[in-house]
Amino acid sequence: MRPKVPPTSQTADAELLAIQALGFLASDGERLQRLLDLTGLDPGEVRRGAADPAFLGGVLDHLLADENLLLIFAEDQGLKPETIAVMRRKLPGATLDF
């Protein structure tokens with residue numbers, strides 16, 4: 001059995017960005033409710049998911065699927081929207097479609 005490899009700094013940066021995105025969504029009731037409605041998750045599942053890199057990738061997918069939301073988040077974070085897509089690719093479950 002191979003030892004577990006710690007995440008690279010790039011993966012850790014992507015996870016941190018996704019956690020910030022989750023906080024951004026949770027800070028606005030309408031944004032959070034939309035996430036819950038689209039995913040079918042409850043708030044407890046979202047809290048638990050924050051520790052799962054695949055779930056965090058899904059959070060970035062949620063932003064990338066809504067251009068307006070993506071632009072607001074990118075501006076809030078002082079990032080180019082493209083940076084979010086680049087970071088998304090560093091988490092499990094990413095596709096190359098964006």
# chains A, B, ... in the order shown; residues from 1 in each chain; ligands from 1
call {"tool": "residues_around", "arguments": {"residues": "Gln20 (chain A)", "least_positions_apart": "2", "cutoff": "12 Å", "atoms": "only C-alpha atoms", "output": "PDB file with N, CA and C atoms, in the first residue's frame"}}
result
ATOM      1  N   ASP A  13      -4.308  25.389  -2.631  1.00  0.00           N
ATOM      2  CA  ASP A  13      -4.795  26.711  -3.048  1.00  0.00           C
ATOM      3  C   ASP A  13      -6.180  26.606  -3.672  1.00  0.00           C
ATOM      4  N   ALA A  14      -6.398  25.576  -4.469  1.00  0.00           N
ATOM      5  CA  ALA A  14      -7.707  25.377  -5.098  1.00  0.00           C
ATOM      6  C   ALA A  14      -8.766  25.076  -4.038  1.00  0.00           C
ATOM      7  N   GLU A  15      -8.410  24.260  -3.047  1.00  0.00           N
ATOM      8  CA  GLU A  15      -9.346  23.959  -1.968  1.00  0.00           C
ATOM      9  C   GLU A  15      -9.681  25.219  -1.176  1.00  0.00           C
ATOM     10  N   LEU A  16      -8.677  26.029  -0.901  1.00  0.00           N
ATOM     11  CA  LEU A  16      -8.910  27.272  -0.170  1.00  0.00           C
ATOM     12  C   LEU A  16      -9.829  28.205  -0.957  1.00  0.00           C
ATOM     13  N   LEU A  17      -9.601  28.319  -2.254  1.00  0.00           N
ATOM     14  CA  LEU A  17     -10.466  29.154  -3.083  1.00  0.00           C
ATOM     15  C   LEU A  17     -11.903  28.644  -3.052  1.00  0.00           C
ATOM     16  N   ALA A  18     -12.074  27.332  -3.125  1.00  0.00           N
ATOM     17  CA  ALA A  18     -13.416  26.757  -3.089  1.00  0.00           C
ATOM     18  C   ALA A  18     -14.090  26.991  -1.742  1.00  0.00           C
ATOM     19  N   LEU A  22     -17.496  28.929  -1.094  1.00  0.00           N
ATOM     20  CA  LEU A  22     -18.597  28.432  -0.270  1.00  0.00           C
ATOM     21  C   LEU A  22     -19.014  29.488   0.754  1.00  0.00           C
ATOM     22  N   GLY A  23     -18.051  30.153   1.348  1.00  0.00           N
ATOM     23  CA  GLY A  23     -18.358  31.237   2.284  1.00  0.00           C
ATOM     24  C   GLY A  23     -19.084  32.379   1.596  1.00  0.00           C
ATOM     25  N   PHE A  24     -18.666  32.689   0.383  1.00  0.00           N
ATOM     26  CA  PHE A  24     -19.311  33.724  -0.425  1.00  0.00           C
ATOM     27  C   PHE A  24     -20.774  33.355  -0.674  1.00  0.00           C
ATOM     28  N   LEU A  25     -21.015  32.109  -1.024  1.00  0.00           N
ATOM     29  CA  LEU A  25     -22.394  31.669  -1.273  1.00  0.00           C
ATOM     30  C   LEU A  25     -23.206  31.683   0.018  1.00  0.00           C
ATOM     31  N   ALA A  26     -22.601  31.217   1.103  1.00  0.00           N
ATOM     32  CA  ALA A  26     -23.314  31.140   2.379  1.00  0.00           C
ATOM     33  C   ALA A  26     -23.598  32.509   2.985  1.00  0.00           C
ATOM     34  N   SER A  27     -22.846  33.521   2.563  1.00  0.00           N
ATOM     35  CA  SER A  27     -23.038  34.861   3.128  1.00  0.00           C
ATOM     36  C   SER A  27     -24.282  35.556   2.589  1.00  0.00           C
ATOM     37  N   ALA A  50     -17.572  20.535   2.995  1.00  0.00           N
ATOM     38  CA  ALA A  50     -16.467  21.496   2.942  1.00  0.00           C
ATOM     39  C   ALA A  50     -15.111  20.846   3.192  1.00  0.00           C
ATOM     40  N   LEU A  56     -15.755  20.341  -2.956  1.00  0.00           N
ATOM     41  CA  LEU A  56     -15.265  21.705  -3.194  1.00  0.00           C
ATOM     42  C   LEU A  56     -15.148  21.980  -4.688  1.00  0.00           C
ATOM     43  N   VAL A  59     -18.439  23.012  -5.824  1.00  0.00           N
ATOM     44  CA  VAL A  59     -18.745  24.409  -5.481  1.00  0.00           C
ATOM     45  C   VAL A  59     -18.216  25.329  -6.577  1.00  0.00           C
ATOM     46  N   LEU A  60     -16.991  25.072  -7.033  1.00  0.00           N
ATOM     47  CA  LEU A  60     -16.458  25.889  -8.121  1.00  0.00           C
ATOM     48  C   LEU A  60     -17.228  25.647  -9.411  1.00  0.00           C
ATOM     49  N   LEU A  63     -20.197  27.907  -9.405  1.00  0.00           N
ATOM     50  CA  LEU A  63     -19.860  29.278  -9.815  1.00  0.00           C
ATOM     51  C   LEU A  63     -19.639  29.375 -11.317  1.00  0.00           C
ATOM     52  N   PHE A  73     -18.181  36.889  -7.787  1.00  0.00           N
ATOM     53  CA  PHE A  73     -17.206  36.261  -6.897  1.00  0.00           C
ATOM     54  C   PHE A  73     -15.780  36.642  -7.283  1.00  0.00           C
ATOM     55  N   ALA A  74     -15.472  36.596  -8.570  1.00  0.00           N
ATOM     56  CA  ALA A  74     -14.120  36.936  -9.025  1.00  0.00           C
ATOM     57  C   ALA A  74     -13.759  38.365  -8.620  1.00  0.00           C
ATOM     58  N   ASP A  76     -15.080  40.086  -6.162  1.00  0.00           N
ATOM     59  CA  ASP A  76     -14.998  40.093  -4.702  1.00  0.00           C
ATOM     60  C   ASP A  76     -13.628  39.603  -4.221  1.00  0.00           C
ATOM     61  N   GLN A  77     -13.070  38.632  -4.937  1.00  0.00           N
ATOM     62  CA  GLN A  77     -11.788  38.049  -4.550  1.00  0.00           C
ATOM     63  C   GLN A  77     -10.586  38.726  -5.212  1.00  0.00           C
ATOM     64  N   ILE A  84     -10.435  31.062 -11.701  1.00  0.00           N
ATOM     65  CA  ILE A  84     -11.306  30.121 -11.002  1.00  0.00           C
ATOM     66  C   ILE A  84     -11.416  28.823 -11.792  1.00  0.00           C
TER      67      ILE A  84
END
call {"tool": "residues_around", "arguments": {"residues": "Pro92 (chain A)", "least_positions_apart": "4", "cutoff": "9 Å", "atoms": "only C-alpha atoms", "output": "ChimeraX atom specification"}}
result
/A:53-58,88
call {"tool": "residues_around", "arguments": {"residues": "Thr39 (chain A)", "least_positions_apart": "5", "cutoff": "10 Å", "atoms": "only C-alpha atoms", "output": "number ranges by chain"}}
result
A: 33-34, 46, 58, 62
call {"tool": "atom_distance", "arguments": {"atom1": "CA of Leu70 (chain A)", "atom2": "CA of Thr83 (chain A)"}}
result
10.7 Å
call {"tool": "select_by_dssp", "arguments": {"residues": "chain A", "states": "alpha helix (DSSP H)", "output": "PyMOL selection string"}}
result
chain A and resi 9-26+29-39+43-49+53-64+67-77+81-88
call {"tool": "atom_distance", "arguments": {"atom1": "CA of Pro81 (chain A)", "atom2": "CA of Asp42 (chain A)"}}
result
27.7 Å
call {"tool": "closest_residue", "arguments": {"among": "A:Ala21, A:Leu79, A:Val86, A:Thr95", "to": "Leu35 (chain A)", "atoms": "only C-alpha atoms"}}
result
A:Ala21
